[in-house]
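Data file: run10.cif. Format and content: mmCIF, C-alpha atoms.
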```
data_my_file
#
loop_
_atom_site.label_atom_id
_atom_site.label_comp_id
_atom_site.auth_asym_id
_atom_site.auth_seq_id
_atom_site.Cartn_x
_atom_site.Cartn_y
_atom_site.Cartn_z
CA MET K 1 0.00 0.00 0.00
CA PRO K 2 1.36 3.48 -0.84
CA TYR K 3 2.15 5.80 2.06
CA ILE K 4 3.55 9.30 2.16
CA GLN K 5 5.07 11.24 5.05
CA VAL K 6 2.94 14.27 5.95
CA ARG K 7 3.95 16.32 9.00
CA GLY K 8 5.26 13.34 10.92
CA VAL K 9 2.48 10.90 10.01
CA GLU K 10 2.54 8.18 7.36
CA HIS K 11 -0.58 8.91 5.31
CA TYR K 12 -2.19 6.23 3.20
CA TYR K 13 -3.15 7.44 -0.27
CA LYS K 14 -4.49 5.92 -3.45
CA TRP K 15 -4.77 6.99 -7.08
CA ILE K 16 -7.75 5.99 -9.20
CA LYS K 17 -6.97 6.70 -12.83
CA LYS K 18 -8.37 5.58 -16.16
CA SER K 19 -6.42 5.53 -19.40
CA THR K 20 -7.88 8.01 -21.90
CA SER K 21 -6.71 10.03 -24.85
CA ASP K 22 -6.27 13.00 -22.49
CA ALA K 23 -2.71 12.66 -21.22
CA ASP K 24 -2.98 15.65 -18.89
CA LYS K 25 -6.20 15.20 -16.94
CA PRO K 26 -6.93 17.46 -13.96
CA VAL K 27 -6.70 16.01 -10.44
CA MET K 28 -9.65 15.66 -8.07
CA VAL K 29 -8.83 15.12 -4.39
CA PHE K 30 -11.36 13.28 -2.21
CA VAL K 31 -11.55 13.94 1.54
CA HIS K 32 -13.56 11.65 3.82
CA GLY K 33 -15.46 12.43 7.01
CA TRP K 34 -15.26 11.49 10.70
CA GLY K 35 -14.63 7.83 11.45
CA GLY K 36 -14.31 6.91 7.80
CA SER K 37 -11.64 6.38 5.17
CA THR K 38 -10.99 6.70 1.46
CA ARG K 39 -12.91 3.49 0.87
CA TYR K 40 -16.38 4.99 0.70
CA TRP K 41 -15.26 7.46 -1.99
CA GLU K 42 -13.87 4.80 -4.32
CA GLY K 43 -17.05 4.26 -6.35
CA THR K 44 -17.50 8.00 -6.94
CA ALA K 45 -13.84 8.41 -7.84
CA ASP K 46 -13.96 5.47 -10.25
CA ALA K 47 -17.00 6.97 -12.00
CA LEU K 48 -15.24 10.34 -12.39
CA SER K 49 -11.90 8.89 -13.42
CA ASP K 50 -12.76 9.25 -17.10
CA SER K 51 -12.39 13.02 -16.60
CA PHE K 52 -10.07 13.25 -13.59
CA ASP K 53 -7.08 11.56 -12.04
CA CYS K 54 -8.57 10.92 -8.60
CA LEU K 55 -6.48 11.12 -5.42
CA LEU K 56 -7.88 9.63 -2.22
CA TYR K 57 -6.20 9.65 1.19
CA ASP K 58 -6.98 8.72 4.77
CA LEU K 59 -7.02 11.63 7.21
CA ARG K 60 -4.48 11.62 10.03
CA GLY K 61 -5.60 9.12 12.68
CA PHE K 62 -8.26 7.48 10.50
CA GLY K 63 -8.34 4.48 8.22
CA ARG K 64 -4.81 3.39 7.41
CA SER K 65 -3.15 6.73 8.35
CA LYS K 66 -2.07 5.57 11.80
CA LEU K 67 -0.65 7.97 14.35
CA PRO K 68 2.96 7.29 15.40
CA GLN K 69 3.79 6.01 18.88
CA GLU K 70 5.67 9.17 19.83
CA PRO K 71 3.54 12.23 20.73
CA LEU K 72 2.77 14.72 17.96
CA GLU K 73 2.73 18.48 18.37
CA LEU K 74 -0.19 18.69 15.94
CA SER K 75 -3.69 19.33 17.27
CA TYR K 76 -6.99 18.04 15.88
CA GLU K 77 -8.28 21.43 14.77
CA MET K 78 -9.74 21.62 11.28
CA GLU K 79 -7.03 24.15 10.35
CA GLU K 80 -4.40 21.50 11.06
CA TYR K 81 -6.12 19.01 8.77
CA ALA K 82 -6.27 21.72 6.11
CA GLU K 83 -2.50 22.10 6.44
CA ASP K 84 -2.10 18.31 6.19
CA LEU K 85 -3.82 18.52 2.81
CA ALA K 86 -1.59 21.41 1.71
CA VAL K 87 1.57 19.46 2.58
CA LEU K 88 0.23 16.30 0.92
CA LEU K 89 -0.35 18.14 -2.35
CA GLU K 90 2.99 19.90 -2.16
CA THR K 91 4.80 16.61 -1.52
CA LEU K 92 3.06 15.00 -4.50
CA GLY K 93 3.86 18.00 -6.70
CA LEU K 94 0.21 18.95 -7.31
CA ASN K 95 -0.25 22.65 -7.92
CA ARG K 96 -3.94 23.06 -8.76
CA VAL K 97 -6.72 20.58 -8.02
CA TYR K 98 -10.44 20.02 -7.68
CA ILE K 99 -11.73 19.14 -4.19
CA ASN K 100 -14.53 16.73 -3.30
CA ALA K 101 -14.95 16.55 0.49
CA HIS K 102 -17.55 15.09 2.85
CA SER K 103 -18.84 16.01 6.31
CA LEU K 104 -15.99 16.74 8.75
CA GLY K 105 -13.60 16.51 5.80
CA ALA K 106 -15.56 19.29 4.11
CA SER K 107 -14.93 21.61 7.10
CA ALA K 108 -11.18 21.04 6.79
CA ALA K 109 -11.36 21.35 3.00
CA CYS K 110 -13.27 24.64 3.25
CA MET K 111 -10.44 26.04 5.35
CA PHE K 112 -7.90 24.71 2.85
CA VAL K 113 -9.74 26.36 -0.05
CA ASN K 114 -9.78 29.73 1.72
CA ARG K 115 -6.10 29.55 2.62
CA TYR K 116 -4.98 28.33 -0.81
CA PRO K 117 -7.61 29.52 -3.34
CA GLU K 118 -4.98 29.69 -6.06
CA ARG K 119 -4.56 25.92 -5.76
CA VAL K 120 -8.25 25.02 -6.23
CA GLU K 121 -10.23 25.09 -9.45
CA GLN K 122 -13.64 24.07 -8.04
CA ALA K 123 -14.85 22.53 -4.77
CA ILE K 124 -17.65 20.15 -3.86
CA PHE K 125 -18.70 19.89 -0.22
CA THR K 126 -21.13 17.08 0.56
CA CYS K 127 -23.13 17.14 3.82
CA SER K 128 -21.62 20.25 5.33
CA GLY K 129 -23.08 23.42 6.79
CA ILE K 130 -23.14 25.88 9.67
CA PHE K 131 -24.78 25.53 13.06
CA GLU K 132 -25.50 27.61 16.14
CA TYR K 133 -23.70 26.93 19.39
CA GLU K 134 -25.79 25.45 22.20
CA GLU K 135 -23.69 24.83 25.30
CA LYS K 136 -25.79 22.11 26.93
CA SER K 137 -26.46 20.10 23.80
CA PHE K 138 -22.82 20.34 22.71
CA ALA K 139 -21.62 19.21 26.14
CA ALA K 140 -24.04 16.27 26.07
CA PHE K 141 -22.91 15.33 22.55
CA HIS K 142 -19.25 15.39 23.57
CA LYS K 143 -19.89 13.31 26.68
CA PHE K 144 -21.94 10.69 24.88
CA GLY K 145 -19.61 10.69 21.87
CA GLY K 146 -16.62 10.15 24.12
CA TYR K 147 -18.24 7.06 25.64
CA VAL K 148 -19.09 5.69 22.20
CA VAL K 149 -15.54 6.16 20.90
CA LYS K 150 -13.97 4.56 23.97
CA PHE K 151 -16.26 1.53 23.79
CA ARG K 152 -15.50 0.01 20.38
CA PRO K 153 -14.96 -3.72 20.89
CA GLN K 154 -13.57 -5.53 17.86
CA TRP K 155 -16.05 -8.36 18.39
CA LEU K 156 -18.75 -6.10 16.90
CA MET K 157 -17.50 -7.29 13.51
CA ASN K 158 -18.64 -10.82 14.41
CA ILE K 159 -22.28 -9.82 15.00
CA PRO K 160 -24.19 -10.33 11.71
CA LEU K 161 -26.39 -7.21 11.82
CA ALA K 162 -24.04 -4.92 13.74
CA SER K 163 -22.87 -3.02 10.66
CA THR K 164 -26.43 -2.51 9.39
CA MET K 165 -27.54 -1.19 12.78
CA PHE K 166 -24.42 0.99 13.00
CA MET K 167 -25.28 2.72 9.71
CA GLN K 168 -29.00 3.24 10.32
CA ARG K 169 -28.64 6.76 11.71
CA PHE K 170 -26.53 7.84 8.72
CA LEU K 171 -28.84 6.59 5.97
CA HIS K 172 -32.34 7.06 4.58
CA ARG K 173 -32.13 3.87 2.55
CA PRO K 174 -29.99 0.86 3.49
CA LEU K 175 -26.76 0.05 1.69
CA PRO K 176 -25.57 -3.47 0.85
CA ARG K 177 -24.30 -5.18 3.99
CA ALA K 178 -20.77 -5.44 2.59
CA VAL K 179 -20.65 -1.63 2.25
CA SER K 180 -21.99 -1.07 5.77
CA ARG K 181 -19.43 -3.56 7.07
CA THR K 182 -16.65 -1.42 5.58
CA PHE K 183 -17.95 1.59 7.50
CA LEU K 184 -17.95 -0.35 10.76
CA GLU K 185 -14.40 -1.57 10.10
CA ASP K 186 -13.20 1.99 9.52
CA TYR K 187 -14.94 3.20 12.67
CA LEU K 188 -13.24 0.51 14.72
CA LEU K 189 -9.87 1.35 13.09
CA ALA K 190 -9.99 5.05 13.98
CA ASP K 191 -7.40 6.20 16.50
CA GLN K 192 -9.09 7.12 19.77
CA ALA K 193 -7.23 10.40 20.22
CA ALA K 194 -8.03 11.50 16.65
CA ALA K 195 -11.67 10.40 16.86
CA ILE K 196 -12.31 12.27 20.11
CA GLY K 197 -10.11 15.22 19.19
CA THR K 198 -11.84 15.93 15.88
CA MET K 199 -15.26 15.45 17.45
CA LEU K 200 -14.43 18.12 20.04
CA THR K 201 -13.09 20.60 17.48
CA ALA K 202 -15.57 20.12 14.63
CA VAL K 203 -18.61 20.42 16.92
CA SER K 204 -17.66 23.30 19.17
CA LYS K 205 -18.31 26.95 20.02
CA TYR K 206 -15.24 27.86 18.00
CA ALA K 207 -16.47 25.97 14.92
CA ALA K 208 -19.92 27.56 15.22
CA GLU K 209 -18.25 30.99 15.14
CA VAL K 210 -15.62 30.29 12.49
CA MET K 211 -17.38 28.16 9.85
CA PRO K 212 -19.90 30.88 8.83
CA GLN K 213 -16.91 33.14 8.14
CA GLU K 214 -15.22 30.39 6.16
CA PHE K 215 -18.24 29.86 3.93
CA ALA K 216 -18.72 33.60 3.48
CA GLN K 217 -15.09 34.04 2.38
CA LEU K 218 -15.07 31.37 -0.36
CA THR K 219 -13.95 32.76 -3.72
CA VAL K 220 -13.72 29.42 -5.51
CA PRO K 221 -16.87 28.11 -7.27
CA THR K 222 -18.35 25.61 -4.81
CA LEU K 223 -21.17 23.09 -4.88
CA LEU K 224 -22.72 22.29 -1.50
CA VAL K 225 -24.73 19.04 -1.50
CA SER K 226 -27.13 18.05 1.29
CA GLY K 227 -29.19 14.93 1.88
CA GLU K 228 -32.89 15.61 2.43
CA TYR K 229 -33.10 13.41 5.53
CA ASP K 230 -29.60 13.85 6.94
CA GLN K 231 -29.72 13.58 10.74
CA ILE K 232 -25.99 14.24 11.21
CA ILE K 233 -25.81 17.55 9.34
CA PRO K 234 -29.42 18.46 8.50
CA ALA K 235 -30.10 20.01 5.11
CA GLU K 236 -31.15 23.26 6.79
CA LEU K 237 -27.54 23.75 7.93
CA GLY K 238 -26.39 23.39 4.34
CA ARG K 239 -28.96 25.89 3.13
CA ASN K 240 -27.81 28.33 5.82
CA ALA K 241 -24.21 28.03 4.66
CA ALA K 242 -25.07 28.48 0.97
CA ARG K 243 -27.00 31.68 1.66
CA LEU K 244 -23.82 33.35 2.88
CA ASN K 245 -22.04 33.36 -0.47
CA ASP K 246 -23.12 33.63 -4.10
CA LYS K 247 -20.10 31.51 -5.06
CA VAL K 248 -21.82 28.55 -3.39
CA GLU K 249 -24.37 26.60 -5.40
CA TYR K 250 -26.74 24.54 -3.25
CA LEU K 251 -28.16 21.12 -4.11
CA GLU K 252 -30.43 18.98 -1.94
CA ILE K 253 -30.82 15.36 -2.99
CA ALA K 254 -34.20 13.85 -2.13
CA ASN K 255 -34.58 10.53 -0.32
CA THR K 256 -31.00 10.49 0.96
CA ALA K 257 -29.34 11.21 4.28
CA HIS K 258 -25.64 11.58 5.21
CA PHE K 259 -24.24 9.67 2.21
CA PRO K 260 -26.10 10.87 -0.90
CA MET K 261 -23.18 9.77 -3.10
CA LEU K 262 -23.88 6.17 -2.03
CA GLU K 263 -27.65 6.29 -1.60
CA GLN K 264 -28.35 7.99 -4.95
CA PRO K 265 -25.04 7.59 -6.86
CA THR K 266 -26.43 8.13 -10.36
CA LEU K 267 -28.19 11.37 -9.46
CA TYR K 268 -25.25 12.57 -7.36
CA LEU K 269 -22.80 12.03 -10.22
CA GLU K 270 -25.14 13.63 -12.76
CA GLN K 271 -25.41 16.80 -10.66
CA VAL K 272 -21.69 16.90 -9.86
CA ARG K 273 -20.81 16.65 -13.55
CA LYS K 274 -23.25 19.46 -14.38
CA PHE K 275 -21.58 21.68 -11.80
CA LEU K 276 -18.07 20.84 -12.99
CA THR K 277 -18.92 21.56 -16.64
CA GLY K 278 -21.09 24.60 -15.94
CA VAL K 279 -24.25 22.99 -17.32
CA LYS K 280 -27.46 24.37 -15.78
#
```
Starting from the coordinates I provided, produce the structure as structure tokens.
Amino acid sequence: MPYIQVRGVEHYYKWIKKSTSDADKPVMVFVHGWGGSTRYWEGTADALSDSFDCLLYDLRGFGRSKLPQEPLELSYEMEEYAEDLAVLLETLGLNRVYINAHSLGASAACMFVNRYPERVEQAIFTCSGIFEYEEKSFAAFHKFGGYVVKFRPQWLMNIPLASTMFMQRFLHRPLPRAVSRTFLEDYLLADQAAAIGTMLTAVSKYAAEVMPQEFAQLTVPTLLVSGEYDQIIPAELGRNAARLNDKVEYLEIANTAHFPMLEQPTLYLEQVRKFLTGVK
């Protein structure tokens, strides 16, 4: 498996390319969300590989991008993950790219786009948005989330319906069991410090204050996609973010939740291609 050193962490990455007559295709970088890995983006990347060379990578502390044994000076702020992406691209010699990011990954990618707009052609943020800070509900979420992350026994993989039950809150329509099983595997693989750290930073008073500014500052053409029934990042939060900036085009995909690219892949790809080519 290919790995690359990024700020003291061996990052797993993968290229999905398709041979075409175009020898100089643009690059699209895929960024996954909390508890996940590159694996759930592979189908989307494969479908777009006729037009793009697709780069997928596991975020620091997730999937196969394991944290080293020695302590790191890096925090789990979204700005730090944005810098991870910047260093990754620099190390691979990629000057200008397209971004396709999901959920927590979209928050980090939004910060990357604002810090390096000259390096981004277009951006797609799926299941992202802005929210208002509520101290009690945030504290309860952090407390409960911390318990959930700490209690992740590996034997869950041996329970036949565990993966299906695990994914229920994220979906409006069920995925094949093999796909849900991959999600559960990635969740169990996630480093505890990274899983808790990103949960605390992405859902926080600071994030509630900063992310509206980040969306308002975007100068790169951006498509923001929401799932109609998303319980993790409700569509209303996506609509709120899109209203802040006329550079942001909003799309809500019916009968989907937190993974519209998997629940309605044909429609998702159709709309993404329209955005990328400027077709209305």
Using only C-alpha atoms, what table do you get, as CSV, when you list each residue of stretch 211-273 of chain K with an atom no more than 10 Å from stretch 39-48 of chain K, its nearest pair of atoms, and their distance in Å rounded to one decimal, rows by chain then rising number?
```
residue,atom,partner,partner_atom,distance
K:Phe259,CA,K:Tyr40,CA,9.3
K:Met261,CA,K:Thr44,CA,7.1
K:Leu262,CA,K:Tyr40,CA,8.1
K:Pro265,CA,K:Thr44,CA,7.6
K:Thr266,CA,K:Thr44,CA,9.6
K:Tyr268,CA,K:Thr44,CA,9.0
K:Leu269,CA,K:Thr44,CA,7.4
K:Val272,CA,K:Leu48,CA,9.5
K:Arg273,CA,K:Leu48,CA,8.5
```
Go ahead and write the selection's residues with C-alpha atoms as a PDB file, keeping the file's coordinate frame.
```pdb
ATOM      1  CA  PHE K 259     -24.240   9.670   2.210  1.00  0.00           C
ATOM      2  CA  MET K 261     -23.180   9.770  -3.100  1.00  0.00           C
ATOM      3  CA  LEU K 262     -23.880   6.170  -2.030  1.00  0.00           C
ATOM      4  CA  PRO K 265     -25.040   7.590  -6.860  1.00  0.00           C
ATOM      5  CA  THR K 266     -26.430   8.130 -10.360  1.00  0.00           C
ATOM      6  CA  TYR K 268     -25.250  12.570  -7.360  1.00  0.00           C
ATOM      7  CA  LEU K 269     -22.800  12.030 -10.220  1.00  0.00           C
ATOM      8  CA  VAL K 272     -21.690  16.900  -9.860  1.00  0.00           C
ATOM      9  CA  ARG K 273     -20.810  16.650 -13.550  1.00  0.00           C
TER      10      ARG K 273
END
```
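Nearest residue to K:Lys136 among K:Ser103, K:Gln69, K:Cys110, K:Lys205 is K:Lys205, counting all atoms listed in the file.
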(message) Once the PyMOL selection byres ((chain K and resi 106) around 12) has been evaluated on this model, what residues remain selected, and can you format them as a ChimeraX atom specification?
(response) /K:29-34,59,78-79,81-82,85,99-105,107-113,123-130,202,211,214-215,222-226,233,238
(request) Enumerate, as a ChimeraX atom specification, the residues matched when the PyMOL selection byres ((chain K and resi 97) around 8) is run on the file above. (result) /K:26-29,94-96,98-99,119-122
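You will find atom CA of K:Leu67 at 16.8 Å from atom CA of K:Lys150.
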